[in-house]
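Engineer: Just so it is clear, I am handing over start31.txt, which has compact mmCIF, C-alpha atoms.
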# COMPACT_ATOMS: atom_id res chain seq x y z
CA MET A 1 0.00 0.00 0.00
CA ASP A 2 1.25 3.46 -0.92
CA LEU A 3 1.77 5.29 2.38
CA THR A 4 2.20 8.82 1.06
CA PRO A 5 -0.36 11.00 2.87
CA THR A 6 -3.63 11.64 1.05
CA PRO A 7 -3.73 15.04 -0.66
CA SER A 8 -5.92 17.86 0.59
CA GLN A 9 -8.75 19.46 -1.36
CA THR A 10 -10.85 22.52 -0.63
CA VAL A 11 -13.73 22.15 1.83
CA GLY A 12 -15.91 23.94 -0.75
CA PRO A 13 -18.87 26.31 -0.41
CA TYR A 14 -21.25 23.71 1.04
CA LEU A 15 -19.22 22.85 4.13
CA HIS A 16 -22.17 23.79 6.32
CA LEU A 17 -24.06 20.73 5.17
CA GLY A 18 -21.46 18.37 6.56
CA LEU A 19 -19.74 20.32 9.28
CA THR A 20 -21.56 23.28 10.81
CA ASP A 21 -25.35 23.21 10.25
CA THR A 22 -25.83 20.65 12.99
CA ARG A 23 -22.28 20.18 14.25
CA SER A 24 -21.08 23.63 15.29
CA ILE A 25 -19.36 24.01 18.62
CA SER A 26 -19.24 27.59 19.89
CA ARG A 27 -18.64 26.82 23.58
CA VAL A 28 -15.09 25.61 23.88
CA ALA A 29 -15.29 25.63 27.68
CA GLY A 30 -18.45 24.81 29.63
CA ASP A 31 -19.76 26.72 32.61
CA GLY A 32 -17.82 24.55 35.03
CA ALA A 33 -14.42 25.14 33.43
CA LYS A 34 -11.83 26.99 35.49
CA GLY A 35 -10.23 30.13 34.17
CA ASP A 36 -10.94 33.63 32.91
CA ARG A 37 -13.93 33.50 30.60
CA LEU A 38 -13.79 35.39 27.35
CA ARG A 39 -15.50 35.69 24.00
CA LEU A 40 -13.28 35.56 20.93
CA THR A 41 -14.57 36.97 17.65
CA PHE A 42 -12.81 36.09 14.40
CA ARG A 43 -13.26 38.13 11.24
CA VAL A 44 -12.04 36.58 8.02
CA LEU A 45 -11.17 38.94 5.16
CA ASP A 46 -9.89 38.22 1.67
CA GLY A 47 -7.11 39.82 -0.34
CA GLU A 48 -9.24 42.88 -1.05
CA GLY A 49 -10.35 43.26 2.56
CA VAL A 50 -13.80 41.89 1.75
CA PRO A 51 -15.43 39.69 4.43
CA VAL A 52 -15.42 35.96 3.69
CA PRO A 53 -18.95 34.70 4.42
CA ASP A 54 -18.32 31.02 3.68
CA ALA A 55 -15.26 30.14 5.74
CA MET A 56 -14.99 27.86 8.75
CA ILE A 57 -12.82 28.37 11.83
CA GLU A 58 -11.78 25.53 14.14
CA LEU A 59 -9.83 26.09 17.27
CA TRP A 60 -7.87 23.87 19.65
CA GLN A 61 -6.58 25.07 22.98
CA ALA A 62 -5.34 24.05 26.40
CA ASP A 63 -7.31 24.60 29.61
CA SER A 64 -6.44 27.27 32.16
CA GLU A 65 -3.67 25.07 33.58
CA GLY A 66 -2.05 24.51 30.21
CA ASN A 67 -3.32 20.96 29.67
CA TYR A 68 -4.85 19.71 26.44
CA ALA A 69 -7.99 17.56 26.77
CA GLN A 70 -7.13 13.95 25.99
CA HIS A 71 -10.60 12.48 25.70
CA ASP A 72 -13.89 13.76 24.38
CA GLY A 73 -16.47 15.10 26.81
CA ALA A 74 -18.50 12.45 28.61
CA PRO A 75 -22.27 12.63 28.13
CA ASN A 76 -22.72 13.91 31.68
CA GLY A 77 -20.54 16.87 30.87
CA ALA A 78 -16.83 17.37 30.95
CA SER A 79 -16.51 21.11 31.36
CA PHE A 80 -13.62 21.56 29.04
CA LEU A 81 -13.59 20.33 25.46
CA GLY A 82 -10.82 22.54 24.12
CA PHE A 83 -12.23 22.34 20.59
CA GLY A 84 -14.52 24.69 18.72
CA ARG A 85 -15.94 24.91 15.21
CA LEU A 86 -17.97 27.69 13.60
CA ALA A 87 -18.88 28.94 10.14
CA THR A 88 -18.43 32.64 9.42
CA ALA A 89 -21.50 34.82 8.94
CA GLN A 90 -22.20 37.25 6.07
CA ASP A 91 -19.90 39.79 7.71
CA GLY A 92 -17.07 37.25 7.85
CA SER A 93 -17.25 36.84 11.62
CA CYS A 94 -17.89 34.13 14.19
CA THR A 95 -17.64 34.21 17.99
CA PHE A 96 -16.51 31.52 20.41
CA GLU A 97 -16.98 31.37 24.18
CA THR A 98 -13.98 30.01 25.99
CA ILE A 99 -11.46 30.55 28.76
CA ARG A 100 -8.02 32.05 28.47
CA PRO A 101 -5.64 29.11 27.96
CA GLY A 102 -2.83 28.44 30.38
CA ARG A 103 0.81 28.11 29.37
CA VAL A 104 1.91 24.95 27.59
CA PRO A 105 5.49 23.62 27.69
CA GLY A 106 7.54 24.31 24.59
CA PRO A 107 10.72 22.89 23.10
CA ARG A 108 13.93 22.75 25.13
CA GLU A 109 12.50 23.60 28.54
CA SER A 110 10.75 26.72 27.25
CA VAL A 111 7.17 27.66 28.12
CA GLN A 112 4.79 28.94 25.51
CA ALA A 113 2.67 32.04 26.05
CA PRO A 114 -1.10 31.52 26.20
CA HIS A 115 -2.29 30.78 22.68
CA ILE A 116 -5.09 29.19 20.70
CA ASN A 117 -4.36 26.98 17.68
CA VAL A 118 -6.56 27.86 14.71
CA SER A 119 -7.51 26.12 11.45
CA ILE A 120 -9.13 28.11 8.65
CA LEU A 121 -10.97 26.31 5.84
CA GLY A 122 -13.13 27.54 3.00
CA ARG A 123 -13.90 27.79 -0.67
CA GLY A 124 -10.78 28.94 -2.48
CA ILE A 125 -8.56 27.48 0.24
CA LEU A 126 -7.02 24.26 -1.06
CA LYS A 127 -5.61 23.02 2.24
CA ARG A 128 -6.10 23.96 5.87
CA LEU A 129 -4.54 27.28 6.91
CA SER A 130 -2.97 27.17 10.34
CA THR A 131 -2.38 30.12 12.65
CA ARG A 132 -2.28 30.99 16.34
CA VAL A 133 -4.10 33.53 18.45
CA TYR A 134 -1.98 35.21 21.15
CA PHE A 135 -3.27 37.89 23.50
CA ALA A 136 -2.14 41.52 23.28
CA GLU A 137 -0.41 42.87 26.40
CA GLU A 138 0.40 39.36 27.67
CA PRO A 139 3.86 39.61 29.28
CA ALA A 140 4.71 35.98 28.43
CA ASN A 141 4.60 36.79 24.69
CA ALA A 142 8.09 38.27 24.88
CA ALA A 143 9.61 34.85 25.60
CA ASP A 144 7.33 32.70 23.45
CA PRO A 145 9.43 30.34 21.29
CA VAL A 146 6.97 30.37 18.36
CA LEU A 147 6.46 34.14 18.23
CA ALA A 148 10.25 34.40 18.14
CA LEU A 149 10.19 32.58 14.78
CA VAL A 150 7.95 35.23 13.26
CA PRO A 151 9.52 38.33 11.66
CA GLU A 152 9.06 41.16 14.13
CA ASN A 153 7.06 43.32 11.77
CA ARG A 154 4.45 40.56 11.34
CA ARG A 155 4.01 39.46 14.95
CA ALA A 156 1.16 41.87 15.59
CA THR A 157 -1.00 39.91 13.14
CA LEU A 158 -1.09 37.09 15.73
CA LEU A 159 -2.37 39.24 18.59
CA ALA A 160 -6.04 39.29 19.54
CA ARG A 161 -7.01 42.72 20.81
CA PRO A 162 -9.59 43.52 23.44
CA ASP A 163 -12.87 44.92 22.18
CA SER A 164 -12.95 48.37 23.78
CA THR A 165 -16.74 48.47 23.62
CA ARG A 166 -17.30 45.16 25.41
CA PRO A 167 -15.14 43.91 28.30
CA GLY A 168 -14.29 40.24 28.11
CA ASN A 169 -14.54 40.29 24.30
CA TRP A 170 -11.49 39.87 22.10
CA ILE A 171 -11.16 40.32 18.35
CA PHE A 172 -8.84 38.53 15.94
CA ASP A 173 -8.79 39.47 12.28
CA VAL A 174 -7.67 36.90 9.71
CA HIS A 175 -6.38 38.60 6.58
CA LEU A 176 -5.99 35.77 4.09
CA ARG A 177 -3.88 37.75 1.65
CA GLY A 178 -2.45 41.19 1.08
CA GLU A 179 -1.06 44.02 3.09
CA ALA A 180 -2.15 43.10 6.59
CA GLU A 181 -1.76 39.40 5.85
CA THR A 182 -1.94 37.20 8.93
CA VAL A 183 1.01 34.95 9.65
CA PHE A 184 0.22 31.34 8.71
CA PHE A 185 2.32 28.40 9.85
CA ASP A 186 3.76 25.42 8.06
CA VAL A 187 2.72 22.77 10.58
CA MET B 1 -1.47 1.02 21.36
CA SER B 2 0.76 3.00 19.05
CA SER B 3 3.89 4.55 20.43
CA PRO B 4 3.42 7.58 22.67
CA LEU B 5 3.26 11.00 21.12
CA ILE B 6 4.73 12.59 24.19
CA GLN B 7 7.98 11.41 25.72
CA SER B 8 9.12 12.52 29.15
CA THR B 9 11.95 14.97 29.35
CA ARG B 10 13.96 12.56 31.51
CA SER B 11 14.04 9.72 28.97
CA ASN B 12 14.33 11.90 25.90
CA PRO B 13 15.82 15.23 26.95
CA LYS B 14 16.33 16.65 23.46
CA GLU B 15 12.80 16.32 22.07
CA PHE B 16 9.80 16.80 24.30
CA VAL B 17 7.36 15.56 21.66
CA THR B 18 7.60 13.30 18.64
CA PRO B 19 6.98 15.48 15.61
CA PHE B 20 4.99 14.41 12.56
CA ARG B 21 6.61 14.01 9.15
CA ARG B 22 6.39 16.85 6.65
CA HIS B 23 4.91 16.47 3.19
CA GLU B 24 7.03 15.60 0.17
CA PRO B 25 7.02 18.29 -2.55
CA GLY B 26 4.27 17.90 -5.14
CA THR B 27 2.06 15.65 -3.03
CA GLN B 28 -0.18 18.45 -1.75
CA PRO B 29 -1.67 21.40 -3.64
CA ASP B 30 -0.20 24.89 -3.30
CA TYR B 31 -2.51 27.54 -1.90
CA PHE B 32 -2.33 29.81 -4.94
CA TYR B 33 -3.65 28.09 -8.05
CA PRO B 34 -5.14 30.73 -10.33
CA ALA B 35 -7.01 28.24 -12.52
CA TYR B 36 -9.16 27.74 -9.41
CA ARG B 37 -10.43 31.28 -9.39
CA ALA B 38 -11.34 31.68 -5.72
CA THR B 39 -7.72 31.08 -4.67
CA ARG B 40 -6.69 34.39 -6.24
CA LEU B 41 -8.04 36.39 -3.32
CA ARG B 42 -7.91 33.76 -0.61
CA ALA B 43 -4.45 32.21 -0.86
CA PRO B 44 -1.70 33.71 1.31
CA SER B 45 0.97 35.59 -0.60
CA GLN B 46 3.63 35.41 2.11
CA PRO B 47 5.66 32.26 2.72
CA LEU B 48 4.45 30.14 5.65
CA ILE B 49 6.51 30.26 8.83
CA PHE B 50 7.94 26.82 9.67
CA LEU B 51 6.63 25.69 13.06
CA PRO B 52 8.48 22.88 14.86
CA HIS B 53 5.95 20.66 16.60
CA THR B 54 5.09 21.28 20.21
CA LEU B 55 2.38 19.79 22.45
CA SER B 56 -0.06 22.12 20.71
CA GLU B 57 0.54 20.49 17.34
CA VAL B 58 0.72 16.82 18.37
CA THR B 59 -2.45 16.75 20.46
CA GLY B 60 -5.95 17.02 19.06
CA PRO B 61 -9.63 16.53 19.94
CA ALA B 62 -11.03 13.01 20.24
CA PHE B 63 -14.68 12.17 19.59
CA GLY B 64 -16.39 9.18 21.16
CA HIS B 65 -19.35 7.04 20.19
CA SER B 66 -21.72 9.54 21.78
CA ALA B 67 -20.96 11.77 18.78
CA ILE B 68 -22.49 9.27 16.31
CA GLY B 69 -26.22 8.74 15.78
CA PRO B 70 -27.84 5.44 14.71
CA HIS B 71 -28.14 6.22 10.97
CA ASP B 72 -25.23 8.58 10.61
CA GLN B 73 -23.24 6.24 8.38
CA ASP B 74 -26.15 5.33 6.09
CA LEU B 75 -27.16 8.32 4.00
CA THR B 76 -30.00 6.30 2.39
CA ARG B 77 -31.89 5.77 5.66
CA GLN B 78 -32.20 9.26 7.07
CA HIS B 79 -35.62 10.04 5.63
CA ALA B 80 -39.01 8.34 5.24
CA GLY B 81 -38.23 7.02 1.77
CA GLU B 82 -35.09 5.98 -0.06
CA PRO B 83 -33.21 8.43 -2.24
CA LEU B 84 -33.03 8.09 -6.01
CA GLY B 85 -29.78 7.02 -7.58
CA GLU B 86 -27.29 4.19 -7.48
CA ARG B 87 -26.85 2.82 -3.98
CA ILE B 88 -23.15 2.41 -3.18
CA ILE B 89 -21.03 1.26 -0.28
CA VAL B 90 -17.85 3.23 0.32
CA ARG B 91 -15.38 1.31 2.43
CA GLY B 92 -11.80 2.04 3.36
CA ARG B 93 -9.07 2.05 5.93
CA VAL B 94 -7.42 5.02 7.59
CA VAL B 95 -3.75 4.49 8.36
CA ASP B 96 -0.81 6.74 9.13
CA GLY B 97 2.38 7.12 7.12
CA ASP B 98 3.84 4.01 8.78
CA GLY B 99 0.83 1.87 7.97
CA HIS B 100 -0.50 1.86 11.54
CA ALA B 101 -4.29 1.93 11.88
CA VAL B 102 -5.91 5.21 12.88
CA SER B 103 -8.59 3.75 15.09
CA ASN B 104 -11.74 5.22 16.67
CA SER B 105 -11.29 8.40 14.67
CA LEU B 106 -14.09 10.66 13.42
CA ILE B 107 -14.90 10.89 9.71
CA GLU B 108 -17.54 13.30 8.40
CA ILE B 109 -18.79 13.29 4.80
CA TRP B 110 -21.15 15.36 2.65
CA GLN B 111 -22.14 15.27 -1.01
CA ALA B 112 -24.61 16.21 -3.74
CA ASN B 113 -27.52 13.95 -4.67
CA ALA B 114 -27.67 11.73 -7.77
CA ALA B 115 -28.71 14.71 -9.90
CA GLY B 116 -25.71 16.76 -8.75
CA ARG B 117 -27.64 19.08 -6.42
CA TYR B 118 -26.63 19.89 -2.84
CA ALA B 119 -29.24 20.30 -0.11
CA HIS B 120 -27.71 23.71 0.60
CA ALA B 121 -29.29 27.15 0.24
CA LYS B 122 -26.37 28.41 -1.85
CA ASP B 123 -26.68 25.74 -4.54
CA ASP B 124 -28.92 27.09 -7.30
CA HIS B 125 -28.03 24.54 -9.95
CA PRO B 126 -31.30 23.69 -11.73
CA ALA B 127 -31.27 20.01 -10.88
CA PRO B 128 -33.94 18.53 -8.65
CA LEU B 129 -33.60 18.17 -4.90
CA ASP B 130 -34.37 14.76 -3.48
CA PRO B 131 -36.71 14.93 -0.46
CA ASN B 132 -35.19 11.65 0.71
CA PHE B 133 -31.60 12.79 0.62
CA THR B 134 -29.70 15.36 2.70
CA GLY B 135 -26.27 14.01 1.87
CA THR B 136 -24.38 14.13 5.13
CA GLY B 137 -22.92 11.39 7.30
CA ARG B 138 -20.39 10.56 9.97
CA THR B 139 -18.76 7.53 11.49
CA LEU B 140 -15.82 6.44 13.62
CA THR B 141 -13.12 4.19 12.26
CA ASP B 142 -13.07 0.83 14.02
CA ASN B 143 -10.17 -0.63 16.02
CA ASP B 144 -8.37 -1.56 12.78
CA GLY B 145 -8.98 1.81 11.15
CA PHE B 146 -11.79 0.63 8.84
CA PHE B 147 -14.87 2.65 7.99
CA SER B 148 -17.84 2.28 5.68
CA PHE B 149 -20.73 4.40 4.51
CA VAL B 150 -23.83 3.57 2.51
CA THR B 151 -24.92 6.34 0.18
CA ILE B 152 -25.91 7.03 -3.42
CA LYS B 153 -23.46 7.99 -6.13
CA PRO B 154 -23.41 11.78 -6.44
CA GLY B 155 -23.75 13.49 -9.82
CA ALA B 156 -21.33 15.96 -11.37
CA TYR B 157 -22.32 19.60 -11.05
CA PRO B 158 -21.56 22.95 -12.71
CA TRP B 159 -19.78 25.61 -10.68
CA ARG B 160 -19.05 28.66 -12.90
CA ASN B 161 -15.32 28.72 -12.12
CA HIS B 162 -14.77 29.08 -15.86
CA HIS B 163 -16.88 28.56 -18.98
CA ASN B 164 -18.61 25.17 -18.93
CA ALA B 165 -16.98 24.19 -15.64
CA TRP B 166 -18.16 20.95 -14.03
CA ARG B 167 -16.89 19.27 -10.89
CA PRO B 168 -16.32 15.54 -11.28
CA ALA B 169 -18.63 13.46 -9.03
CA HIS B 170 -17.15 13.58 -5.54
CA ILE B 171 -17.79 12.99 -1.85
CA HIS B 172 -16.28 15.45 0.64
CA PHE B 173 -14.33 13.83 3.48
CA SER B 174 -13.22 15.42 6.76
CA LEU B 175 -10.89 13.60 9.16
CA PHE B 176 -9.20 14.56 12.42
CA GLY B 177 -6.66 11.83 13.08
CA PRO B 178 -4.79 11.89 16.38
CA ALA B 179 -3.37 15.41 16.25
CA PHE B 180 -3.95 19.04 15.26
CA VAL B 181 -1.49 18.54 12.40
CA THR B 182 -3.18 15.42 11.01
CA ARG B 183 -6.42 17.26 10.24
CA LEU B 184 -7.41 16.49 6.64
CA ILE B 185 -10.18 17.77 4.38
CA THR B 186 -10.28 16.10 1.00
CA GLN B 187 -12.56 14.79 -1.76
CA MET B 188 -13.09 11.26 -3.06
CA TYR B 189 -13.59 10.79 -6.80
CA PHE B 190 -14.88 7.86 -8.86
CA PRO B 191 -12.84 5.80 -11.33
CA GLY B 192 -13.06 6.59 -15.02
CA ASP B 193 -14.64 10.03 -14.63
CA PRO B 194 -13.98 11.96 -17.87
CA LEU B 195 -13.88 15.31 -16.03
CA PHE B 196 -10.59 14.85 -14.15
CA ALA B 197 -8.40 16.57 -16.74
CA TYR B 198 -10.68 19.62 -16.77
CA ASP B 199 -11.02 20.08 -13.00
CA PRO B 200 -8.72 22.75 -11.50
CA ILE B 201 -9.36 21.58 -7.92
CA LEU B 202 -8.07 18.08 -8.64
CA GLN B 203 -5.38 19.38 -11.00
CA SER B 204 -4.04 21.70 -8.28
CA ILE B 205 -2.19 18.66 -6.94
CA PRO B 206 1.09 18.75 -8.89
CA ASP B 207 2.03 15.06 -8.76
CA GLU B 208 0.00 12.68 -10.97
CA ARG B 209 0.42 9.76 -8.54
CA ALA B 210 -0.78 11.99 -5.72
CA ARG B 211 -3.90 12.92 -7.71
CA GLN B 212 -4.65 9.24 -8.29
CA ARG B 213 -4.83 8.70 -4.52
CA LEU B 214 -8.10 10.60 -4.47
CA VAL B 215 -9.77 8.30 -7.00
CA SER B 216 -11.63 5.42 -5.35
CA LYS B 217 -11.47 1.93 -6.83
CA PHE B 218 -14.39 -0.25 -7.77
CA ASP B 219 -14.27 -3.16 -5.34
CA LEU B 220 -16.16 -6.38 -6.01
CA GLU B 221 -15.50 -7.60 -2.45
CA THR B 222 -17.30 -4.60 -0.98
CA THR B 223 -20.11 -4.92 -3.54
CA LYS B 224 -23.20 -6.59 -2.10
CA PRO B 225 -25.15 -8.80 -4.51
CA GLU B 226 -28.51 -7.38 -5.55
CA TRP B 227 -27.90 -4.42 -3.24
CA ALA B 228 -25.06 -1.96 -3.90
CA LEU B 229 -21.82 -1.50 -5.79
CA GLY B 230 -18.78 -1.11 -3.59
CA TYR B 231 -15.93 1.39 -3.82
CA ARG B 232 -12.71 1.23 -1.85
CA PHE B 233 -11.12 4.48 -0.61
CA ASP B 234 -8.14 4.25 1.73
CA ILE B 235 -6.83 7.33 3.45
CA VAL B 236 -3.30 7.94 4.72
CA LEU B 237 -2.70 10.54 7.41
CA ARG B 238 0.71 11.92 8.37
CA GLY B 239 3.06 9.58 10.17
CA ARG B 240 5.56 10.47 12.84
CA GLU B 241 9.26 11.08 12.62
CA ALA B 242 11.32 8.12 13.84
CA THR B 243 12.83 8.54 17.28
CA PRO B 244 15.67 6.55 18.89
CA PHE B 245 12.97 4.66 20.84
CA GLU B 246 11.19 3.48 17.72
CA LYS B 247 14.26 2.19 15.91
I'd like the structure from this file rewritten - as structure tokens, please.
Structural biologist:
Amino acid sequence: MDLTPTPSQTVGPYLHLGLTDTRSISRVAGDGAKGDRLRLTFRVLDGEGVPVPDAMIELWQADSEGNYAQHDGAPNGASFLGFGRLATAQDGSCTFETIRPGRVPGPRESVQAPHINVSILGRGILKRLSTRVYFAEEPANAADPVLALVPENRRATLLARPDSTRPGNWIFDVHLRGEAETVFFDV
Amino acid sequence: MSSPLIQSTRSNPKEFVTPFRRHEPGTQPDYFYPAYRATRLRAPSQPLIFLPHTLSEVTGPAFGHSAIGPHDQDLTRQHAGEPLGERIIVRGRVVDGDGHAVSNSLIEIWQANAAGRYAHAKDDHPAPLDPNFTGTGRTLTDNDGFFSFVTIKPGAYPWRNHHNAWRPAHIHFSLFGPAFVTRLITQMYFPGDPLFAYDPILQSIPDERARQRLVSKFDLETTKPEWALGYRFDIVLRGREATPFEK
């Protein structure tokens, strides 16, 4: 058997049918989860700054102590799933409810700053785009081993900023292409 | 159980986690492929930043049997009546790059009906909807990595990417695998479809052998007499780098 990994293809414009109409997950952390609660709004924009109304965002994060969930939630309710999935609306946005992740160990005894791992899929996107959400003003960012790999003048594209009009709400813009292009990772 | 993804710092001080293998050139599409028009404004223009794997990359969500409903893997039994079209069984095995089974792993599928129409508000192709077909399913691979779905063969459909553009008949597949980095979205095609050479989405994969991996094979063993033709579609997810422990 040929063991070269299967190639990727676009998720297409009808992803909602299979993935989000009945299978969205907006609450990444249940009511019982420990940690600082927050709402995180993504806005996906194309190379001309136009909102992308048919994209899908998935996120994967650690809990407030920096641990990744190893098993899926039991029917009687594990509070922390760590995984979310939403389709973008007409204005290119979607909003998750979660808690601020704790710090996860990194390579060579380092510790990573709080971050959320993000997948972006959509029509016109031939394979999953991978990025990370970090939090503006977080002191640990200065020593994060992954941020250090990013050219300094592009690091700001990975910072979620607080929504000044609504406390507890954060905003992260995904610019797929162009001037303010978000950093994407080769994972 | 397969070898651990995470090794303790005491036994393996240099590498905290076992990274996954990277893709060989040509085996995956590029992001920018102008023949597929929508990539022109949605593909990144900057080079990707190489990210060595950490715990964040080698862990991933797991979904249990509570995520699967009783008819989720049979797309012909989700409504009062049976859908029109050729009933087919799609069977396959999910393995990693070392041939190890990817067991108890979630697969989600969706597709058009036999006429080539999706049960989706955005599809305005003038082909009839089938009241007995929504076209979505999910299953978990078994302990040996096998899965199967019962469905009907989807039709080709037009998509206005260019003049007289038609997608070859396909079923969308979504898999998680064991880690964030093994996440795969792909499409399964059917053997002998005359549209392959004209389809920019399939042609975006540079390597001809790699493209062939997305074409299912007619399988007489999976075919059930007087019931349904069978197609075999195996899926390979990324394998891990070898470590001193595995050698």
Engineer: Using only C-alpha atoms, find the residues of chain A whose closest atom to chain B is at most 6 Å away, then write them as a list of chain:residue names.
Structural biologist: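 Written out as asked, the residues are A:Leu3, A:Pro5, A:Thr6, A:Pro7, A:Ser8, A:Gln9, A:Gly18, A:Asp46, A:Gly47, A:His71, A:Asp72, A:Gly106, A:Gly124, A:Leu126, A:Leu176, A:Arg177, A:Phe184, A:Phe185, A:Asp186, A:Val187.
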Engineer: May I have the residues within 12 Å of His163 (chain B) as a VMD selection string, using all atoms listed in the file and disregarding those fewer than 6 positions away in the same chain?
Structural biologist: chain B and resid 35 37 198 to 199
Engineer: Can you tell me how far CA of Phe196 (chain B) sits from CA of Lys153 (chain B), in Å to one decimal?
Structural biologist: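 Between CA of Phe196 (chain B) and CA of Lys153 (chain B) the gap is 16.6 Å.
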Engineer: Calculate how many Å separate CA of Val215 (chain B) from CA of Asp72 (chain B), rounding to one decimal.
Structural biologist: 23.4 Å
Engineer: For CA of Gly168 (chain A) and CA of Ala136 (chain A), quote the distance in Å rounded to one decimal.
Structural biologist: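 A separation of 13.1 Å between them.
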Engineer: I'd like the contact shell of Pro126 (chain B) - 10 Å cut-off, only C-alpha atoms, skipping same-chain residues fewer than 4 positions apart - returned as a PDB file with C-alpha atoms, keeping the file's coordinate frame.
Structural biologist:
ATOM      1  CA  ALA B 115     -28.710  14.710  -9.900  1.00  0.00           C
ATOM      2  CA  GLY B 116     -25.710  16.760  -8.750  1.00  0.00           C
ATOM      3  CA  ARG B 117     -27.640  19.080  -6.420  1.00  0.00           C
ATOM      4  CA  TYR B 157     -22.320  19.600 -11.050  1.00  0.00           C
ATOM      5  CA  PRO B 158     -21.560  22.950 -12.710  1.00  0.00           C
TER       6      PRO B 158
END
Engineer: Considering all atoms listed in the file, can you say which of B:Pro206, B:Arg240, B:Ala179, B:Leu129 comes closest to Asn117 (chain A)?
Structural biologist: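 Closest residue, counting all atoms listed in the file: B:Ala179.
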Engineer: Any idea what's packed within 9 Å of Asp36 (chain A), counting all atoms listed in the file, ignoring anything in its chain fewer than 6 positions away? Could you give it as a list in words?
Structural biologist: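 Surrounding residues, per the criterion: Ser64, Thr98, Ile99, Arg100, Pro101 and Gly168 of chain A.
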Engineer: Residues as selected, C-alpha atoms, written as a CSV table (one decimal), in the coordinates of the input, can you do that?
Structural biologist:
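That gives us out_16.csv:
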chain,number,residue,atom,x,y,z
A,64,SER,CA,-6.4,27.3,32.2
A,98,THR,CA,-14.0,30.0,26.0
A,99,ILE,CA,-11.5,30.6,28.8
A,100,ARG,CA,-8.0,32.0,28.5
A,101,PRO,CA,-5.6,29.1,28.0
A,168,GLY,CA,-14.3,40.2,28.1
Engineer: Counting all atoms listed in the file, figure out which residue out of B:Ile88, B:Val150, B:Leu75, B:Leu175 gets nearest to Ser105 (chain B).
Structural biologist: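 Checking each candidate against Ser105 (chain B), we get B:Leu175 as the closest.
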Engineer: Near region 144-146 of chain A, within 7 Å and counting only C-alpha atoms, which residues show up once chain neighbours fewer than 3 positions away are dropped, as a compact mmCIF listing (two decimals) with C-alpha atoms, keeping the file's coordinate frame?
Structural biologist:
# COMPACT_ATOMS: atom_id res chain seq x y z
CA VAL A 111 7.17 27.66 28.12
CA GLN A 112 4.79 28.94 25.51
CA ALA A 113 2.67 32.04 26.05
CA ALA A 140 4.71 35.98 28.43
CA ASN A 141 4.60 36.79 24.69
CA LEU A 149 10.19 32.58 14.78
Engineer: Around (3.4, 35.7, 10.8), as given in the file, which residues come within 9 Å? Count all atoms listed in the file and list them as a list in words.
Structural biologist: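 These residues have at least one counted atom within 9 Å: Thr131, Leu147, Leu149, Val150, Pro151, Glu152, Asn153, Arg154, Arg155, Ala156, Thr157, Leu158, Glu181, Thr182, Val183, Phe184 and Phe185 of chain A; Gln46, Leu48 and Ile49 of chain B.
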Engineer: Which of these residues is nearest to Leu17 (chain A), using all atoms listed in the file: A:Ala87, A:Val104, A:Val52, A:Leu81?
Structural biologist: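 Ranked by minimum distance to Leu17 (chain A), first place goes to A:Ala87.
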Engineer: Taking all atoms of region 73-76 of chain B that appear in the file, build a box with edges along x, y and z, extend it by 4 Å on every side, and state its centre and edge lengths in Å to one decimal, as lines of an AutoDock Vina configuration file.
Structural biologist:
center_x = -26.6
center_y = 6.8
center_z = 5.4
size_x = 14.8
size_y = 11.0
size_z = 14.0
Engineer: If we count all atoms listed in the file, what is near region 24-26 of chain A at a cut-off of 6 Å, once residues fewer than 4 positions away on the same chain are taken out, given as an NGL selection string?
Structural biologist: :A and (20 or 84-86 or 96)
